[in-house]
Structures are given as C-alpha cells and as structure tokens.
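Peer 1: Have a look at this one before I ask anything.
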Amino acid sequence: MSLSLPRTPLQVFRDHLRAAPGRMVHSAFRTGTPSTDRGRSSFVFGNVFLHLHSVRTHRWSLRWMTTAGLGIASVAAFLITLVTGVLLMFYYKPYPDVAYDSIKDIHFVVPTGRFMRNIHRWAANVMVVTVILHMARAFYTASYRAPREFNWLIGLALLVTTLGLSFTGYLLPWDQLAFWAITIGANIAQSPREVTDALGITEHFDPGGLQRLLLLGSDTVGDEALIRFYLLHVMLLPLVAAMLMAVHFWRIRKDGGLTKPADVNQRLGPPPADVYPVFTEEPVKTYHLAAIVRGRTPAVGSGPEHTVPSMPHLFYAELGVLMLTLFVCTALALVSDAPLKELANAQVPENPAKAPWYFLGLQELVAFSAFMGGIGIPAIVLIGLGLIPYLDREEEGTGVWFGGPGGWRLVQRSIAFGFSAALIVESIAIRFGWLREWFPDIPQLVVTAINPGTVLTLIYAWYSVWLVRRYGSTRAGALGLFTCFLCGFIVLTVIGTYFRGPNWEFFWSPADWPGGH
Amino acid sequence: MQKNKWLLLVSSLGVLALLVVAAVQENYLREWRQVQATAVGDEGPIPVMLRQIVNPGLGTADRCVSCHVAMGPGEQGVTGPQMALHRPVVHDPAEFGCTVCHGGQGRATDKADAHGHVRFWPEPMLPVSMSEAGCGTCHTATGVPRRDVLDLAAATYARLDCAACHRVDGRGGTVRPDGGGMEGPDLSRVGLAGYDPSWYDAHVAKAATETSGPWATAFGPISAPDRAHLETFLHTRVAAPRLIAAKSVFLSSGCLGCHKVSGVGGDTGPDLTRIGERDPGQLDFTPVPGRRSLENWFSAHVRAPSSVVAGSQMPALGLSDEDVQALTLFTLSLRRREVPGSYLPLDQIRVARLGVREFASDGASVYAAFCAGCHGPEGQGHRAAGLAAFPSVANPDFLGLASDTLVAETILRGRPGTRMRAWADGTTGLTAEDVPPLVAHLRALAGVPAPSETRPPRWVAGDVREGERLYAGSCAGCHGAAGEGADAPALRNPVLQELATDTYFVETVRRGRRGTAMPAFGTPSSTYRTLSASELESLITFIRSWGGPS
C-alpha cells in the first residue's frame with residue numbers, strides 16, 4: 001500500500017532541480033529523441049538551422065558520386081574561415097606597418113596563432129577550389145536547368161563573393177606579397193583606361209580611375225586601402241556571402257532538392273532492407289511538400305519510397321564532409337605555413353609581382369591587354385555562364401554526369417581541344433611575341449581587340465558554335481565551351497604561377513630567374 | 001549511410017590526431033621552451049614562459065630573451081648549459097632590447113627566424129665579430145683620425161705599456177695583489193665620458209710621491225709628441241674600437257671621392273649613407289662565395305666590385321683581408337633607425353644639424369678622405385684597369401710649376417669633362433676653407449715650394465701655324481688631335497687654359513714630368529724630337545689658341 005503524502009515545497013524544488021537538465025534539452029529541441037520518423041521530421045523543421053533542409057532526402061542525393069560533397073565542403077571551408085577569422089581579429093590591427101607586426105605576433109607569440117592563421121589561409125584556398133569544382137559539378141550534371149536557373153545565378157554571385165573574400169584578405173598581412181598583389185589588382189581595376197586612353201576620352205570619362213579609387217580610397221595602396229579591404233573582408237563580404245548562401249540553400253529545397261535523373265528510381269533499384277521501410281509508427285500526419293510545390297519537380301507526384309529521413313542520414317553525410325574539410329585544412333596548416341614576406345615597401349617593387357593564384361590566369365592575359373584580361377574576358381565569361389540556363393532549355397541528361405548529347409566523349413574531346421588551343425596560343429605568344437613586338441607602333445586598341453585572350457575566346461566560341469550545329473543541341477555547345485574555358489583557366493593559371501618570372505618573362509623554372517633567386 | 005558514418009568517424013579522429021600534434025608542437029616542441037627547461041635560477045628551475053623586452057620608444061619588442069634568458073632584465077642569476085651573460089655594455093639590454101644594436105627579428109621566437117637568416121627578413125643579425133656595426137644605427141663618430149695616426153696612437157699606448165695598469169677594450173690592467181681592484185681605471189669609454197685633461201701632471205705628481213709598486217717601477221716621463229698620440233688614443237676610446245678602426249680605414253682610403261656618406265663625398269658611385277640596410281634578399285649572390293649574408297656580399301664586392309655588380313665602375317682596390325674586413329664592418333654600420341628625440345645621441349645631432357664631419361679638417365685628413373682613392377695615398381696617381389689614369393697630383397715637376405691658385409682652383413672648380421668634379425659646389429662636404437690646407441699638404445707630399453713667377457701669365461707670341469704642325473707631330477698622339485685628351489690630360493680644358501700660366505706650359509713641355517709618360521722636349525733625345533725655345537713658344541701659342549682670348 002502506498003502512502004501518498006502532500007509533498008513539501010522543498011521536495012518539489014528538488015524534483016524540479018532533478019528534472020531541469022532534461023527539461024532544458026526538451027525546451028531546446030522540443031521533439032524529444034528523434035527515434036521515430038515523425039520525431040526526426042520535427043527535429044529538422046523545428047530547428048532554425050536544420051530547417052533549410054527538407055525533412056526527407058532522396059537516396060540519390062546521398063550517393064557520393066552525385067555531388068562529391070563539394071557544396072558542403074565549400075560551406076565547411078567558409079565556416080572554418082569564419083571561426084579562425086574571428087579568432088585572428090582579436091589580434092589583428094588594420095593599420096599599415098602595425099598590421100605586419102600584429103601578423104608577426106600572431107605567427108610567433110599568440111597561442112596557436114600560427115596554426116589558426118595557417119588554417120584560415122588554407123581553408124580560404126580550399127574554398128576557392130571547392131567552389132569552382134562545385135560549379136563544375138552543377139554544370140556537368142546539368143543542374144542549372146529549370147527550375148534551378150536562379151540558383152545557378154546565386155551560385156555565380158557566390159563565386160564572385162568567394163573570390164572577393166579571398167582577394168580582400170590577401171592585403172591584410174601588409175607584406176610585400178600583399179602590397180604588390182593588391183597593386184596589380186588595383187591596376188586591373190583601372191584597366192578600362194586602356195580603352196578610354198586609346199579613345200582619348202579619359203579626361204572626361206574615366207571609369208577605370210574611378211574603380212581604382214573606389215577600391216583603394218587613394219592614389220596608392222595605403223592605410224585607406226587597408227581599412228577598406230579589412231571592412232570588406234571581415235564584415236561586408238561575409239554578410240553578403242552568408243545571405244547568398246541562405247538563399248542558395250533555401251532554393252535547393254524549394255526547387256525540389258538536388259537534381260535527379262528522370263529515371264532515378266530505376267537507376268537506384270529497390271532500397272536496401274536496412275534503410276527502408278522507414279516508418280516506425282503510423283504517421284499522424286504526412287508531409288506532402290510536393291503538394292505545395294508547383295511545377296514538374298522530381299518531388300512532385302512521387303511518394304516517399306526513395307527518400308530517407310534527413311535526420312540522421314543527410315546530417316551524417318554533411319558532418320562527414322565538414323570534418324573531412326577540416327581535416328584537410330588542418331593537415332595543410334600543419335605542413336605549410338601561410339606566407340609572410342617582408343614588410344610592404346612601396347620603394348621596392350616585387351618582380352614578378354603576382355596576384356593571388358586564382359587570378360594568375362587573368363594576370364597572364366593582362367600582360368597582353370589589361371582591359372581584356374582584367375575586365376573584358378571575365379565579364380564575357382560571367383555573362384556567358386549566367387546565360388547558360390536560359391539558353392539550354394533541353395531536358396536530356398539532367399542530373400547525370402556529362403549528361404546531354406555527346407556526353408563524356410564530347411567532354412573528352414573538348415578537354416583535348418581546350419588544352420591544345422590554350423597551349424598553342426600561349427606558345428605562339430611566348431615564343432614569337434604578340435602584335436606589340438611585331439608592330440611596335442600599332443594602336444593599343446588593336447592589341448586590346450586582338451590578343452591571346454580574345455583569340456582564345458574566339459576559338460572556343462567558334463568550337464562551341466560548331467558543336468551546337470553538329471549535335472543540334474545547345475547543351476552540347478555549352479558542354480564544349482565550359483570545358484574549354486576550364487582548360488584555358490588551368491593552362492593560364494599554371495603558366496602564370498610556375499612559368500612566369502621577373503618582368504613577366506617566361507622561364508622553365510624559377511632556378512633560371514636572373515639574380516640567383 | 002554506413003559509408004557516411006565511417007567518413008564522419010575517420011575524419012573526426014583524423015582532426016583530433018592533428019589537433020594533438022599541433023598542441024604538442026605548440027606546448028612542448030618550441031625551441032625556447034626547451035631552452036628554458038634546461039635553465040636554473042636562484043630558486044630552482046625558472047618558470048617556462050615567453051619573455052620579451054619591449055621598448056615602445058624604439059618600436060621594438062624583442063623576444064630574444066626567451067632563449068637568452070640570462071641577458072634579460074633582472075635575470076642575470078639564471079644559469080644553464082645554454083645560458084650566457086651579456087658583456088657589460090653602455091646600453092642596458094633591459095632597456096634598449098637586442099635588435100636595435102644586433103639586428104635580427106625581435107618578434108620571432110624561433111632561432112632561425114629570430115637571427116633573421118631566413119627568406120623575407122631584410123635585416124638579419126649582424127655577425128658577432130661585427131656587432132659594433134650596430135652602433136652605426138644611431139651613432140656617428142666625430143674626429144676619427146687617419147689610419148696612420150690611429151695606428152701610431154695605439155702603438156704608442158702599447159709601447160709605453162699603459163696596459164700594465166689600465167684596461168682598454170677588455171685587455172690589460174693588473175689587479176692589485178691586495179684585491180683592491182684594478183691599478184688604473186678602465187679607459188675603454190673615456191672618449192665618450194671624458195677624462196681629466198691634466199692626467200699627465202697628476203701621474204707625474206703621484207709617481208713622485210710613491211716609493212714602491214707600479215708607480216715607482218712602471219711609470220716614467222712621457223714626451224710631448226707621445227702625449228699627443230696618447231690623447232688621440234684616449235679620444236677614440238668610445239667602446240667600439242673595431243668600428244673606429246674601420247671608419248679610419250674608410251676615411252683614409254679616399255672612398256669619399258666617389259661615394260657620399262651622410263651628405264659628405266662625391267657622387268660618382270652610389271650614396272652609401274644607408275647601404276648597411278640593404279636587404280640580402282634583393283642582392284644577387286651568384287658570384288658570392290659562402291653564406292648568403294650581407295657581410296659576405298660586401299666583402300666579395302669590395303674585393304672585386306665588377307664581378308659582383310655587373311658594370312660596376314669601381315676599381316678593384318687590391319686590399320688586404322684585414323682591410324676588406326674593416327670596410328665590410330664599416331659598410332654594415334651605415335644604417336639608420338628613426339628614433340625619438342630622447343634617444344637621439346649628441347654625436348648624431350652634431351653631425352646632422354651642425355654639419356660636423358666625421359674626420360679631422362687638417363690637409364692630410366681631408367686629402368686621405370676625398371682624394372686618396374683616385375690620386376693615391378701619396379699623391380702618386382693611380383691606374384685602374386679599364387679606366388683612364390688618375391694623374392699624380394703630388395708630382396714635384398707639376399707642383400714646381402703650378403701656382404697655388406692653379407691647384408686650388410682646380411680643386412674648387414674641377415676639370416670639366418673629366419672625372420675631377422668641382423668640389424666646392426656645396427654638395428660634397430668639402431668647403432673652400434679645406435682647400436688651402438689641402439694644397440699645403442700636396443706641397444708637403446711633393447716637397448717643393450710654390451713657383452715664384454716673374455713673367456706675366458701670358459707672354460708667348462710664337463707662330464701658330466708652326467705650333468700646330470709641331471703639336472700634330474709631337475703631342476697629338478697622347479693629348480688628342482684637338483687637345484681633347486686621350487692617354488694624357490686634355491689641354492683645351494677651360495679651367496686649365498684659364499688658370500695655367502704660359503710659363504707653366506712652356507716649362508712643363510721643356511722639362512717633362514718625371515714619373516709620367518711626358519718627356520722633356522727641351523732635352524736632346526734619340527726617341528723624340530727636341531724642341532728649341534722658339535718652337536716651344538710657337539707650340540704653346542697654338543695650344544693657347546684653344547683657351548680663347550685673354
């Protein structure tokens with residue numbers, strides 16, 4: 001027989017104290033342990049961070065081959081730079097010369113400072129690489145197609161933001177490398193002057209000078225430029241990137257998850273026994289997201305047979321990629337220190353002064369025409385990339401690697417063509433010079449119009465048009481063009497990085513540079 | 001899902017392992033931690049922590065004392081296998097830090113980075129044997145004597161055995177047997193701190209009263225010239241004997257004839273004022289043997305300039321190893337640091353604001369500093385491969401005919417068209433006041449007085465056509481067809497034409513100039529044509545025709 005006595009206030013208090021940890025967790029997550037599918041679903045949509053995901057994920061999306069985790073790796077790299085960057089901000093002082101000393105202090109004295117700076121630097125580079133590869137993945141699986149056109153544009157904006165983040169961070173150490181790389185960058189911003197000068201209208205209309213002034217806040221790289229770059233680097237661009245990312249992720253969900261081939265269910269076959277069936281109890285309420293999404297997305301009209309709960313399946317994958325990215329960044333950080341050269345000195349120009357590696361392809365073109373290399377061709381490439389989803393309205397091969405007419409064979413041929421064309425044009429320019437060497441008195445406008453960059457662009461464009469006609473498909477042309485530009489980017493970047501020495505002359509190895517460097 | 005779980009597990013463990021490695025590196029493997037772990041203080045092992053000397057005025061934060069603990073402020077008691085004390089110096093390292101004198105990278109905490117012999121650090125540590133070059137960062141010496149004077153002073157100090165009682169630059173001085181310290185005071189810094197000018201009288205008086213010990217046995221009367229040498233020696237004891245000796249070598253080798261240092265000197269060669277700050281990373285070390293260090297570059301360069309700097313006009317000087325070392329030390333000392341006024345030493349202020357020169361202003365010193373490089377230390381002239389000969393300015397045949405005005409004006413106004421520049425144009429540090437002693441010094445070198453003129457400056461009135469013919473036959477080969485100079489000096493030089501008298505020309509041609517290729521045309525010879533008095537007059541009349549009307 002149990003005796004039920006009225007509980008004393010102290011007992012009540014003790015019980016509440018005991019229950020407090022459990023209630024704290026419950027109040028935070030509300031759904032309890034996500035052991036049922038319903039619980040898992042509410043775990044996802046009840047969480048402000050997780051609800052950017054759909055509650056269920058298609059099995060196709062979880063295959064490693066589908067995305068190679070590149071998008072998540074980019075986000076992971078962004079988060080790593082964010083955390084390490086905030087840590088660095090505790091010690092970094094954005095003022096000329098003092099900035100350099102503070103980096104030296106971070107390197108030598110701040111506990112784990114060197115490590116954090118190295119991770120920050122490597123994560124930034126990893127982010128540039130993964131963002132480019134992620135774009136290539138999205139392109140080659142034709143994931144830009146309707147209804148994902150706009151998300152492709154957001155992706156392009158994120159690419160530009162990523163490069164901007166990396167470039168603005170480049171100046172902050174205030175060393176020779178930074179100073180002269182930014183000087184080069186600022187001169188590229190000024191390159192429209194090449195055209196206005198040639199037309200003789202710079203006095204009245206000088207967009208190049210204005211761009212440079214906006215970038216540097218002064219005529220030369222100095223304290224104004226440093227504050228500007230710092231603000232952009234630690235506040236403006238991260239905010240822009242975070243907002244764009246939010247839209248980017250949200251659109252994935254709204255556009256029906258990741259791209260899947262039309263015959264995805266046949267390709268996958270029946271789900272294995274351990275992941276399906278997934279319902280552990282009779283659902284009280286089913287979620288037909290598809291019901292509120294209009295259009296012909298793969299999610300519409302199909303049941304949940306080939307999906308698994310995002311919690312935990314998707315999150316294991318995402319966390320796995322996050323940790324892998326972190327591993328790569330920390331490993332690189334342990335092996336290789338972030339560079340820090342001499343204190344910036346406007347009197348001692350670096351020769352060669354090189355921009356960050358991802359701009360060296362452009363710098364290679366800038367050597368012939370600043371305007372075309374710095375403004376013209378990048379603009380053409382960005383506009384072309386942005387137009388792709390609106391020109392390619394086909395459906396064949398969506399969600400399949402190298403999908404579309406021609407397929408992998410076409411891409412292989414385009415790789416061969418893209419590399420050969422870039423190498424041949426560069427070889428001619430390196431071996432025999434270019435118009436300026438042949439006709440010293442030629443007007444600059446001619447060189448601006450006809451230089452290795454524009455010639456290469458025209459060759460690629462011609463090849464792409466030929467593909468469109470040959471295959472009767474815009475997608476085929478796009479496949480060829482994108483592949484070619486990727487190859488050209490690689491060739492120019494490698495030449496700019498490894499084979500260009502003082503005065504931007506060609507050398508097989510830095511050991512051949514004059515001056516015994 | 002299984003694959004992703006494994007991915008998460010493996011990559012997480014990998015990250016964990018890397019973090020452990022980083023933590024061990026950070027907390028156990030740093031060089032300074034290991035060094036400090038071996039050190040012991042007064043109360044047992046010292047706390048292992050980062051140590052530094054910060055001087056906001058000088059803009060230094062020197063972490064050198066993280067390894068060199070015993071050199072840090074208040075840590076002289078720390079001992080250990082890797083600990084050494086700093087020798088006593090004028091500037092307390094506890095206040096001034098380390099890098100302001102020694103160079104290197106004070107902020108660094110790894111040995112290689114701190115000592116600065118790494119890529120991308122423009123200011124590596126000075127070699128220990130050349131530490132005194134660091135004094136040049138803030139200090140400049142004034143009244144540096146000529147090399148022979150300095151050598152004589154040191155020799156006198158040694159000969160008179162002053163070192164029996166006095167310690168100088170770490171050497172000499174006996175300790176009293178009763179343990180009462182050194183017999184005489186340490187004289188290493190008397191050039192800075194000053195000394196009793198009546199020291200000799202005091203010595204004599206003291207010696208007269210003492211009956212035993214060194215006063216009675218070791219001290220004797222010193223002659224006036226020897227006392228003068230000793231004064232020179234004492235004046236130059238500024239705790240940097242090697243640097244003073246190096247400056248003396250530089251200032252006695254005529255380097256200022258081509259190079260400027262702090263606004264003093266010519267400008268044929270590069271300005272050396274801050275040459276010691278050159279970034280080794282910006283130099284070409286291909287032809288330089290040994291380590292890529294600034295001192296190696298400088299010594300290789302001073303040995304054979306054109307082999308290190310392509311196209312260098314600087315002649316190889318044929319220096320001894322000691323002189324190469326001295327000049328290297330001197331060039332390394334040519335560095336500057338912006339310091340606040342409270343740190344600016346008086347000597348620097350005197351030099352910078354009052355224009356005081358580093359060397360003495362007597363004719364011999366001025367000659368040694370400005371002229372000896374081209375005209376030779378004895379005025380004997382100089383030939384360097386690939387360059388036209390520099391004339392012998394102390395040639396007795398020349399000075400026997402040239403008036404003081406000719407010599408003085410040549411120095412002041414130079415010889416346009418030659419490497420002899422106008423020295424009194426206000427940019428060289430040589431002033432008009434220096435010229436008379438300089439001319440007197442030249443006369444002393446040559447041992448001839450100024451010529452006494454009886455004839456007017458212009459008196460020749462010969463046949464110009466004959467003179468032209470004679471010139472073409474006898475002179476044009478060396479002096480050039482139009483007197484523009486070739487192997488021999490230019491004769492149509494306006495300064496020469498204006499200042500030299502006809503007698504000077506006539507007599508030079510007649511008597512020749514011994515020690516040079518100029519023969520005596522008035523003396524019968526089998527190898528060249530002898531000129532009669534009237535032919536001489538015609539010849540000079542022709543040569544004078546280049547000088548314009550006068």
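Chain labels A, B, ... are given in the sequence in which chains occur in the structure tokens; within each chain residues are numbered consecutively from 1, and ligands are likewise numbered from 1 in the order shown.
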Would you give me, as a PyMOL selection string, the residues of chain A that come within 6 Å of chain B, using only C-alpha atoms?
Peer 2: chain A and resi 108+313+316-317+320+323-324+327+341-342+515-516
Peer 1: The selected residues should be written to file as a PDB file, in the first residue's frame (atoms: N, CA and C atoms).
Peer 2:
ATOM      1  N   PHE A 108      54.198  34.317 -34.125  1.00  0.00           N
ATOM      2  CA  PHE A 108      55.244  33.864 -33.210  1.00  0.00           C
ATOM      3  C   PHE A 108      54.784  33.741 -31.757  1.00  0.00           C
ATOM      4  N   HIS A 313      20.360  10.640 -41.732  1.00  0.00           N
ATOM      5  CA  HIS A 313      21.133  10.230 -42.914  1.00  0.00           C
ATOM      6  C   HIS A 313      21.887  11.370 -43.568  1.00  0.00           C
ATOM      7  N   TYR A 316      24.686  12.954 -41.217  1.00  0.00           N
ATOM      8  CA  TYR A 316      25.944  12.201 -41.157  1.00  0.00           C
ATOM      9  C   TYR A 316      26.833  12.581 -42.347  1.00  0.00           C
ATOM     10  N   ALA A 317      26.193  12.593 -43.518  1.00  0.00           N
ATOM     11  CA  ALA A 317      26.965  12.924 -44.725  1.00  0.00           C
ATOM     12  C   ALA A 317      27.549  14.330 -44.618  1.00  0.00           C
ATOM     13  N   GLY A 320      30.200  14.518 -42.036  1.00  0.00           N
ATOM     14  CA  GLY A 320      31.372  13.797 -42.548  1.00  0.00           C
ATOM     15  C   GLY A 320      32.193  14.694 -43.458  1.00  0.00           C
ATOM     16  N   MET A 323      33.907  17.492 -41.468  1.00  0.00           N
ATOM     17  CA  MET A 323      35.100  17.060 -40.751  1.00  0.00           C
ATOM     18  C   MET A 323      36.228  16.751 -41.727  1.00  0.00           C
ATOM     19  N   LEU A 324      35.875  16.194 -42.883  1.00  0.00           N
ATOM     20  CA  LEU A 324      36.914  15.904 -43.883  1.00  0.00           C
ATOM     21  C   LEU A 324      37.579  17.208 -44.329  1.00  0.00           C
ATOM     22  N   PHE A 327      39.750  18.392 -41.691  1.00  0.00           N
ATOM     23  CA  PHE A 327      40.962  17.572 -41.650  1.00  0.00           C
ATOM     24  C   PHE A 327      41.966  18.049 -42.709  1.00  0.00           C
ATOM     25  N   LYS A 341      55.928  37.736 -46.318  1.00  0.00           N
ATOM     26  CA  LYS A 341      57.210  38.224 -46.823  1.00  0.00           C
ATOM     27  C   LYS A 341      57.633  39.466 -46.047  1.00  0.00           C
ATOM     28  N   GLU A 342      58.497  40.267 -46.667  1.00  0.00           N
ATOM     29  CA  GLU A 342      58.980  41.456 -45.966  1.00  0.00           C
ATOM     30  C   GLU A 342      57.851  42.459 -45.796  1.00  0.00           C
ATOM     31  N   GLY A 515      69.469  36.842 -61.318  1.00  0.00           N
ATOM     32  CA  GLY A 515      69.655  37.346 -59.963  1.00  0.00           C
ATOM     33  C   GLY A 515      69.812  36.256 -58.933  1.00  0.00           C
ATOM     34  N   GLY A 516      69.847  34.997 -59.368  1.00  0.00           N
ATOM     35  CA  GLY A 516      70.152  33.916 -58.446  1.00  0.00           C
ATOM     36  C   GLY A 516      69.156  33.779 -57.314  1.00  0.00           C
TER      37      GLY A 516
END
Peer 1: Can you tell me which residues surround Val129 of chain A at a distance of at most 10 Å, considering only C-alpha atoms, apart from same-chain residues fewer than 5 positions away, and format the answer as an NGL selection string?
Peer 2: :A and (70 or 73-74 or 123-124 or 134-135 or 358)
Peer 1: Between B:Gly381, B:Pro93, B:Gly426, B:Gly363, which has the minimum distance to Arg443 of chain B (counting only C-alpha atoms)?
Peer 2: B:Gly363
Peer 1: One decimal, in Å: what's the spacing between atom CA of Cys487 of chain A and atom CA of Arg469 of chain A?
Peer 2: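 It comes out at 22.2 Å.
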Peer 1: So that I can check the secondary structure, give me every residue of segment 119-345 of chain A assigned helix (DSSP H, G or I) by backbone DSSP, as a PyMOL selection string.
Peer 2: chain A and resi 119-140+149-171+176-189+192-199+207-216+223-254+264-268+289-292+304-306+310-335
Peer 1: When DSSP works through the backbone of this structure, what residues of segment 243-432 of chain B end up as strand (DSSP E), shown as a list in words?
Peer 2: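 Listing strand (DSSP E) positions across segment 243-432 of chain B yields Lys260, Val261, Val264 and Gly265 of chain B.
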Peer 1: Keeping only C-alpha atoms, write the selected residues as a CSV table (one decimal), in the first residue's frame.
Peer 2:
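Writing done, so here's again_39.csv:
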chain,number,residue,atom,x,y,z
B,260,LYS,CA,78.6,60.1,-50.3
B,261,VAL,CA,78.0,59.2,-46.6
B,264,VAL,CA,79.8,64.2,-47.5
B,265,GLY,CA,81.6,62.9,-50.6
Peer 1: Any idea what's packed within 9 Å of segment 493-498 of chain A, counting only C-alpha atoms, ignoring anything in its chain fewer than 3 positions away? Could you give it as a ChimeraX atom specification?
Peer 2: /A:354,357-364,426,488-490,501,504,506-510
Peer 1: What does the structure give for the distance between atom CA of Leu213 of chain A and atom CA of Arg228 of chain A, in Å to one decimal?
Peer 2: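 Computed distance, atom CA of Leu213 of chain A to atom CA of Arg228 of chain A, equals 11.1 Å.
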Peer 1: Here is a test: counting only C-alpha atoms, which residue of B:Val168, B:Leu230, B:Val204, B:Val439 is nearest to Leu399 of chain B?
Peer 2: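 Between B:Val168, B:Leu230, B:Val204, B:Val439, the residue approaching Leu399 of chain B most closely is B:Val439.
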Peer 1: Would you work out the distance separating atom CA of Trp199 of chain B from atom CA of Asp347 of chain B, expressed in Å to one decimal?
Peer 2: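 Taking atom CA of Trp199 of chain B and atom CA of Asp347 of chain B, their separation equals 24.6 Å.
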